[in-house]
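Asker: Dumping the structure here so I can ask a few things about it.
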Amino acid sequence: MNFIESVKMAGQTLLANKTRSSLTMIGMIVGNASVIAMIGIGEGAQNFVGGQVKSLGTNVLIVRAGVPNASRSSIRNAPQTLIVEDGKAIATQVPSVQGVSAELNSSELVRYGNKNVSSLIFGTIPEFLTVRNFEMAKGRFLTELDVKQNNQVVVLGSELAEKLFANTNPLGEQVRVKNVSMKVIGVFAPKGTSFGTNYDNSAVVPIATMANRIVGRKSPYGLAVTSLFISIQDESKMDAAQFQVENLLRLRHKITTEDDFTVRNQKDLMATMGSISGALTLMLTAVASISLLVGGIGIMNIMLVSVSERTQEIGLRKAIGASQNDILFQFIIEAVILSAAGGIVGTCVGVGGILLVGNFTPLQAGISPVAIALAVSVSGTVGLFFGVVPARQAAKLDPIAALRSA
């Protein structure tokens with residue numbers, strides 16, 4: 001028998017038992033779909049994390065008050081070890097720094113008329129807009145004069161403005177932030193959510209107004225802040241800038257032992273988050289791959305049953321001249337067809353799952369041609385591997401004994 005005849009006979013045999021063949025392929029379908037979907041969703045998760053990090057600002061170092069490795073305290077109770085003057089010193093004394101945004105944050109209630117919205121309030125300086133990569137939709141941002149004069153002005157996030165004013169223009173209106181009356185001078189363009197913080201539901205006020213009128217935060221060394229966001233001119237200078245910032249703060253704080261601040265590098269954060277999501281993807285893919293093994297065992301089981309059912313056919317074919325290799329090849333082809341067909345259907349299901357995830361979640365899952373090729377080839381290999389045992393058993397049948405047993 002030639003190859004084409006063997007394939008035709010294998011197809012006819014499998015089509016004669018459609019229900020059994022379909023059920024046998026389920027394991028391979030689930031395995032392939034799971035592997036392709038997990039790899040695609042993993043890529044989407046990595047892209048999502050990268051976008052979340054970049055949304056905080058490009059080429060940014062983050063300095064937070066408090067010792068490294070300390071348990072995270074609330075924003076209001078954060079150590080008062082950073083001050084606005086630290087940010088000014090960094091901006092003027094570190095050559096590669098492009099800008100520094102000093103921030104003092106707190107969760108407060110924002111009121112307008114009979115509407116109350118809980119919001120994250122940023123007390124900050126004019127550099128916030130460029131360093132944190134925000135854009136204005138209407139109105140203006142804070143000025144140096146607003147900060148120096150403790151002006152009671154506020155810039156609203158797009159979602160917060162919608163909740164408070166609906167279709168009304170908020171510019172010039174008065175809102176109350178923790179019972180302090182504030183004039184709305186601007187509204188941000190939509191920013192989105194990053195690492196659990198919804199920036200569209202936030203508001204920005206002058207840092208001095210925040211410290212003196214809203215949170216009452218005082219420090220004997222100056223105007224205390226919770227964090228400094230530092231924009232670096234070039235990504236290649238990030239490590240050098242971090243080294244210089246750490247040394248400058250140690251000199252300013254007269255530190256001889258443990259630092260009273262923590263510096264985070266956005267590039268390192270992205271690499272860490274990417275490694276975590278990559279490891280999770282690998283683990284989930286490995287778990288999904290178990291389905292391929294289960295599907296292979298199912299194929300072997302059905303093929304063994306098929307050998308016992310077709311004993312007379314095997315005996316008859318061998319009696320009229322079929323060789324052991326012909327019988328072996330016949331059953332291997334049937335196993336490979338089952339696994340390859342399951343792989344193709346599973347690929348379609350997996351790709352469909354990825355498209356659904358991309359449409360209904362923030363994860364922009366990607367369709368990886370490498371993952372598809374790998375899954376289909378692995379499923380075919382699994383079918384070949386598990387089809388050998390029943391094929392060899394069929395090929396070794398004695399034709400006389402087979403005809404008698406039938």
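Residues are referred to by chain and number: the chain letter is A, B, ... according to the order shown in the structure tokens, the number counts from 1 in that chain, and ligands are numbered separately from 1 in the order shown.
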Find the residues around stretch 294-311 of chain A up to 9 Å (only C-alpha atoms counted), leave out those fewer than 6 positions away in its own chain, and share them as a PDB file with N, CA, C and O atoms, in the first residue's frame.
Answerer:
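Saved to result.pdb:
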ATOM      1  N   ARG A  20     -17.103   8.286  18.126  1.00  0.00           N
ATOM      2  CA  ARG A  20     -15.924   7.868  18.870  1.00  0.00           C
ATOM      3  C   ARG A  20     -14.705   8.716  18.496  1.00  0.00           C
ATOM      4  O   ARG A  20     -13.927   9.117  19.367  1.00  0.00           O
ATOM      5  N   SER A  21     -14.541   8.995  17.205  1.00  0.00           N
ATOM      6  CA  SER A  21     -13.406   9.810  16.756  1.00  0.00           C
ATOM      7  C   SER A  21     -13.488  11.218  17.338  1.00  0.00           C
ATOM      8  O   SER A  21     -12.483  11.781  17.770  1.00  0.00           O
ATOM      9  N   THR A  24     -12.629  11.196  20.992  1.00  0.00           N
ATOM     10  CA  THR A  24     -11.196  10.972  21.173  1.00  0.00           C
ATOM     11  C   THR A  24     -10.409  12.263  20.969  1.00  0.00           C
ATOM     12  O   THR A  24      -9.399  12.500  21.635  1.00  0.00           O
ATOM     13  N   MET A  25     -10.879  13.116  20.051  1.00  0.00           N
ATOM     14  CA  MET A  25     -10.157  14.345  19.755  1.00  0.00           C
ATOM     15  C   MET A  25     -10.330  15.422  20.809  1.00  0.00           C
ATOM     16  O   MET A  25      -9.594  16.412  20.817  1.00  0.00           O
ATOM     17  N   ILE A  26     -11.299  15.261  21.717  1.00  0.00           N
ATOM     18  CA  ILE A  26     -11.595  16.329  22.682  1.00  0.00           C
ATOM     19  C   ILE A  26     -10.367  16.675  23.522  1.00  0.00           C
ATOM     20  O   ILE A  26     -10.074  17.852  23.771  1.00  0.00           O
ATOM     21  N   GLY A  27      -9.650  15.652  23.961  1.00  0.00           N
ATOM     22  CA  GLY A  27      -8.455  15.907  24.774  1.00  0.00           C
ATOM     23  C   GLY A  27      -7.441  16.763  24.039  1.00  0.00           C
ATOM     24  O   GLY A  27      -6.867  17.710  24.608  1.00  0.00           O
ATOM     25  N   MET A  28      -7.216  16.463  22.759  1.00  0.00           N
ATOM     26  CA  MET A  28      -6.272  17.249  21.962  1.00  0.00           C
ATOM     27  C   MET A  28      -6.810  18.657  21.703  1.00  0.00           C
ATOM     28  O   MET A  28      -6.041  19.631  21.691  1.00  0.00           O
ATOM     29  N   ILE A  29      -8.106  18.773  21.506  1.00  0.00           N
ATOM     30  CA  ILE A  29      -8.706  20.096  21.281  1.00  0.00           C
ATOM     31  C   ILE A  29      -8.517  20.981  22.505  1.00  0.00           C
ATOM     32  O   ILE A  29      -8.070  22.133  22.408  1.00  0.00           O
ATOM     33  N   VAL A  30      -8.854  20.434  23.677  1.00  0.00           N
ATOM     34  CA  VAL A  30      -8.718  21.204  24.917  1.00  0.00           C
ATOM     35  C   VAL A  30      -7.257  21.563  25.170  1.00  0.00           C
ATOM     36  O   VAL A  30      -6.932  22.697  25.541  1.00  0.00           O
ATOM     37  N   GLY A  31      -6.355  20.619  24.945  1.00  0.00           N
ATOM     38  CA  GLY A  31      -4.940  20.866  25.181  1.00  0.00           C
ATOM     39  C   GLY A  31      -4.389  21.969  24.296  1.00  0.00           C
ATOM     40  O   GLY A  31      -3.738  22.905  24.768  1.00  0.00           O
ATOM     41  N   PHE A 331      -2.236   2.058  11.287  1.00  0.00           N
ATOM     42  CA  PHE A 331      -2.724   2.489  12.603  1.00  0.00           C
ATOM     43  C   PHE A 331      -2.028   3.761  13.070  1.00  0.00           C
ATOM     44  O   PHE A 331      -2.639   4.609  13.756  1.00  0.00           O
ATOM     45  N   GLU A 334      -3.792   6.684  11.441  1.00  0.00           N
ATOM     46  CA  GLU A 334      -5.073   6.975  12.094  1.00  0.00           C
ATOM     47  C   GLU A 334      -4.860   7.792  13.374  1.00  0.00           C
ATOM     48  O   GLU A 334      -5.604   8.747  13.646  1.00  0.00           O
ATOM     49  N   ALA A 335      -3.841   7.424  14.170  1.00  0.00           N
ATOM     50  CA  ALA A 335      -3.572   8.147  15.408  1.00  0.00           C
ATOM     51  C   ALA A 335      -3.130   9.580  15.120  1.00  0.00           C
ATOM     52  O   ALA A 335      -3.555  10.534  15.789  1.00  0.00           O
ATOM     53  N   LEU A 338      -6.108  11.751  14.025  1.00  0.00           N
ATOM     54  CA  LEU A 338      -6.918  12.144  15.179  1.00  0.00           C
ATOM     55  C   LEU A 338      -6.273  13.307  15.941  1.00  0.00           C
ATOM     56  O   LEU A 338      -6.937  14.294  16.271  1.00  0.00           O
ATOM     57  N   SER A 339      -4.974  13.190  16.208  1.00  0.00           N
ATOM     58  CA  SER A 339      -4.303  14.227  16.995  1.00  0.00           C
ATOM     59  C   SER A 339      -4.146  15.519  16.198  1.00  0.00           C
ATOM     60  O   SER A 339      -4.321  16.619  16.735  1.00  0.00           O
ATOM     61  N   SER A 379       0.953  18.259  19.240  1.00  0.00           N
ATOM     62  CA  SER A 379      -0.200  17.355  19.266  1.00  0.00           C
ATOM     63  C   SER A 379      -0.010  16.216  18.270  1.00  0.00           C
ATOM     64  O   SER A 379      -0.348  15.069  18.537  1.00  0.00           O
ATOM     65  N   VAL A 382       2.481  13.849  19.801  1.00  0.00           N
ATOM     66  CA  VAL A 382       1.843  13.067  20.864  1.00  0.00           C
ATOM     67  C   VAL A 382       1.017  11.934  20.260  1.00  0.00           C
ATOM     68  O   VAL A 382       1.056  10.783  20.735  1.00  0.00           O
ATOM     69  N   GLY A 383       0.256  12.247  19.201  1.00  0.00           N
ATOM     70  CA  GLY A 383      -0.534  11.203  18.548  1.00  0.00           C
ATOM     71  C   GLY A 383       0.349  10.112  17.972  1.00  0.00           C
ATOM     72  O   GLY A 383       0.033   8.915  18.067  1.00  0.00           O
ATOM     73  N   LEU A 384       1.460  10.500  17.361  1.00  0.00           N
ATOM     74  CA  LEU A 384       2.393   9.519  16.807  1.00  0.00           C
ATOM     75  C   LEU A 384       2.971   8.642  17.898  1.00  0.00           C
ATOM     76  O   LEU A 384       3.043   7.410  17.776  1.00  0.00           O
ATOM     77  N   PHE A 385       3.369   9.281  19.018  1.00  0.00           N
ATOM     78  CA  PHE A 385       3.994   8.544  20.122  1.00  0.00           C
ATOM     79  C   PHE A 385       3.023   7.532  20.731  1.00  0.00           C
ATOM     80  O   PHE A 385       3.363   6.356  20.924  1.00  0.00           O
ATOM     81  N   PHE A 386       1.817   7.994  21.030  1.00  0.00           N
ATOM     82  CA  PHE A 386       0.860   7.110  21.681  1.00  0.00           C
ATOM     83  C   PHE A 386       0.184   6.154  20.697  1.00  0.00           C
ATOM     84  O   PHE A 386      -0.472   5.196  21.114  1.00  0.00           O
ATOM     85  N   GLY A 387       0.343   6.405  19.401  1.00  0.00           N
ATOM     86  CA  GLY A 387      -0.226   5.484  18.422  1.00  0.00           C
ATOM     87  C   GLY A 387       0.678   4.317  18.092  1.00  0.00           C
ATOM     88  O   GLY A 387       0.235   3.325  17.482  1.00  0.00           O
ATOM     89  N   VAL A 388       1.941   4.389  18.488  1.00  0.00           N
ATOM     90  CA  VAL A 388       2.906   3.332  18.153  1.00  0.00           C
ATOM     91  C   VAL A 388       2.557   2.015  18.837  1.00  0.00           C
ATOM     92  O   VAL A 388       2.604   0.936  18.222  1.00  0.00           O
ATOM     93  N   VAL A 389       2.192   2.077  20.122  1.00  0.00           N
ATOM     94  CA  VAL A 389       1.934   0.847  20.892  1.00  0.00           C
ATOM     95  C   VAL A 389       0.790   0.035  20.288  1.00  0.00           C
ATOM     96  O   VAL A 389       0.955  -1.154  19.994  1.00  0.00           O
ATOM     97  N   PRO A 390      -0.397   0.636  20.082  1.00  0.00           N
ATOM     98  CA  PRO A 390      -1.466  -0.160  19.470  1.00  0.00           C
ATOM     99  C   PRO A 390      -1.139  -0.567  18.028  1.00  0.00           C
ATOM    100  O   PRO A 390      -1.547  -1.648  17.584  1.00  0.00           O
ATOM    101  N   ALA A 391      -0.396   0.269  17.296  1.00  0.00           N
ATOM    102  CA  ALA A 391      -0.029  -0.077  15.925  1.00  0.00           C
ATOM    103  C   ALA A 391       0.900  -1.293  15.903  1.00  0.00           C
ATOM    104  O   ALA A 391       0.742  -2.197  15.067  1.00  0.00           O
ATOM    105  N   GLN A 393       1.044  -3.554  18.197  1.00  0.00           N
ATOM    106  CA  GLN A 393       0.258  -4.714  18.630  1.00  0.00           C
ATOM    107  C   GLN A 393      -0.537  -5.272  17.457  1.00  0.00           C
ATOM    108  O   GLN A 393      -0.630  -6.502  17.278  1.00  0.00           O
ATOM    109  N   ALA A 394      -1.097  -4.385  16.621  1.00  0.00           N
ATOM    110  CA  ALA A 394      -1.856  -4.833  15.452  1.00  0.00           C
ATOM    111  C   ALA A 394      -0.948  -5.503  14.430  1.00  0.00           C
ATOM    112  O   ALA A 394      -1.301  -6.522  13.821  1.00  0.00           O
ATOM    113  N   LEU A 397       0.016  -9.249  15.079  1.00  0.00           N
ATOM    114  CA  LEU A 397      -0.998 -10.291  15.125  1.00  0.00           C
ATOM    115  C   LEU A 397      -0.715 -11.364  14.086  1.00  0.00           C
ATOM    116  O   LEU A 397      -0.379 -11.057  12.928  1.00  0.00           O
ATOM    117  N   PRO A 399      -1.898 -13.862  11.406  1.00  0.00           N
ATOM    118  CA  PRO A 399      -3.118 -13.828  10.569  1.00  0.00           C
ATOM    119  C   PRO A 399      -4.043 -15.015  10.842  1.00  0.00           C
ATOM    120  O   PRO A 399      -5.273 -14.841  10.837  1.00  0.00           O
ATOM    121  N   ALA A 402      -5.687 -14.507  14.150  1.00  0.00           N
ATOM    122  CA  ALA A 402      -6.641 -13.411  14.062  1.00  0.00           C
ATOM    123  C   ALA A 402      -7.929 -13.837  13.398  1.00  0.00           C
ATOM    124  O   ALA A 402      -9.027 -13.502  13.843  1.00  0.00           O
ATOM    125  N   LEU A 403      -7.817 -14.642  12.311  1.00  0.00           N
ATOM    126  CA  LEU A 403      -9.023 -15.092  11.616  1.00  0.00           C
ATOM    127  C   LEU A 403      -9.817 -16.052  12.471  1.00  0.00           C
ATOM    128  O   LEU A 403     -11.068 -16.047  12.466  1.00  0.00           O
ATOM    129  N   SER A 405      -9.890 -16.119  15.816  1.00  0.00           N
ATOM    130  CA  SER A 405     -10.516 -15.410  16.944  1.00  0.00           C
ATOM    131  C   SER A 405     -11.749 -14.643  16.497  1.00  0.00           C
ATOM    132  O   SER A 405     -12.659 -14.386  17.254  1.00  0.00           O
ATOM    133  N   ALA A 406     -11.750 -14.215  15.222  1.00  0.00           N
ATOM    134  CA  ALA A 406     -12.907 -13.498  14.705  1.00  0.00           C
ATOM    135  C   ALA A 406     -14.088 -14.420  14.501  1.00  0.00           C
ATOM    136  O   ALA A 406     -15.216 -13.994  14.471  1.00  0.00           O
TER     137      ALA A 406
END
Asker: Just list as a ChimeraX atom specification whatever in stretch 60-201 of chain A DSSP marks as strand (DSSP E).
Answerer: /A:60-65,82-83,97-112,115-124,136-139,153-156,174-177,180-188,193-194,197-198
Asker: Which neighbours of A:Ala203 fall inside 7 Å, counting only C-alpha atoms, when residues of the same chain fewer than 4 positions from it are skipped, and could you give them as a ChimeraX atom specification?
Answerer: /A:120-122,154-157
Asker: For the selection just defined, write its residues with all heavy atoms to a file, as a short mmCIF file (atom, residue, chain, number, x, y, z; two decimals), in the first residue's frame.
Answerer:
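Done, and the output landed in part_4.cif:
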data_model
loop_
_atom_site.label_atom_id
_atom_site.label_comp_id
_atom_site.auth_asym_id
_atom_site.auth_seq_id
_atom_site.Cartn_x
_atom_site.Cartn_y
_atom_site.Cartn_z
N LEU A 120 -8.81 60.45 45.15
CA LEU A 120 -7.40 60.61 45.54
C LEU A 120 -6.97 62.02 45.15
O LEU A 120 -7.08 62.42 43.99
CB LEU A 120 -6.53 59.58 44.83
CG LEU A 120 -5.02 59.65 45.12
CD1 LEU A 120 -4.75 59.39 46.61
CD2 LEU A 120 -4.25 58.66 44.27
N ILE A 121 -6.48 62.79 46.13
CA ILE A 121 -6.08 64.17 45.91
C ILE A 121 -4.55 64.24 45.88
O ILE A 121 -3.88 63.76 46.79
CB ILE A 121 -6.62 65.10 47.01
CG1 ILE A 121 -8.13 64.86 47.23
CG2 ILE A 121 -6.34 66.55 46.66
CD1 ILE A 121 -8.97 65.13 46.01
N PHE A 122 -4.03 64.84 44.82
CA PHE A 122 -2.60 65.06 44.69
C PHE A 122 -2.29 66.52 45.02
O PHE A 122 -2.75 67.42 44.33
CB PHE A 122 -2.12 64.77 43.27
CG PHE A 122 -2.20 63.33 42.86
CD1 PHE A 122 -3.35 62.85 42.24
CD2 PHE A 122 -1.15 62.47 43.07
CE1 PHE A 122 -3.43 61.52 41.85
CE2 PHE A 122 -1.22 61.15 42.68
CZ PHE A 122 -2.36 60.67 42.07
N VAL A 154 -8.22 73.84 42.04
CA VAL A 154 -8.17 72.39 41.85
C VAL A 154 -8.32 72.07 40.37
O VAL A 154 -9.05 72.76 39.64
CB VAL A 154 -9.27 71.68 42.68
CG1 VAL A 154 -10.65 72.13 42.26
CG2 VAL A 154 -9.13 70.17 42.57
N VAL A 155 -7.61 71.03 39.94
CA VAL A 155 -7.77 70.47 38.60
C VAL A 155 -8.37 69.08 38.76
O VAL A 155 -7.84 68.25 39.51
CB VAL A 155 -6.41 70.39 37.86
CG1 VAL A 155 -6.61 69.82 36.46
CG2 VAL A 155 -5.76 71.76 37.78
N LEU A 156 -9.46 68.80 38.05
CA LEU A 156 -10.20 67.55 38.23
C LEU A 156 -9.84 66.53 37.16
O LEU A 156 -9.56 66.89 36.01
CB LEU A 156 -11.71 67.80 38.17
CG LEU A 156 -12.29 68.82 39.16
CD1 LEU A 156 -13.79 68.98 38.91
CD2 LEU A 156 -12.03 68.39 40.60
N GLY A 157 -9.86 65.25 37.54
CA GLY A 157 -9.77 64.18 36.57
C GLY A 157 -11.05 64.11 35.75
O GLY A 157 -12.10 64.58 36.19
#
Asker: Mind checking DSSP for stretch 238-352 of chain A and telling me the helix (DSSP H, G or I) residues as an NGL selection string?
Answerer: :A and (238-252 or 266-309 or 311-319 or 324-352)
Asker: Given only C-alpha atoms as the basis, pick out the residue of A:Leu328, A:Val357, A:Ala375, A:Ala102 nearest to A:Ile314.
Answerer: A:Leu328
Asker: Taking into account only C-alpha atoms, which residue in the set A:Ala241, A:Ile276, A:Leu14, A:Val175 is nearest to A:Ala45?
Answerer: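 The answer is A:Ile276, which sits nearest to A:Ala45.
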Asker: Identify, on the basis of only C-alpha atoms, every residue whose closest approach to A:Ala89 does not exceed 10 Å; exclude the query and any residue fewer than 2 positions from it along the same chain; express the result as a PyMOL selection string.
Answerer: chain A and resi 84-87+91-94+100+245+248-249+252
Asker: Considering only C-alpha atoms, state which residue in the set A:Phe360, A:Tyr112, A:Phe188, A:Tyr199 is at the smallest distance from A:Leu142.
Answerer: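 Looking only at the distances to A:Leu142, the closest residue turns out to be A:Phe188.
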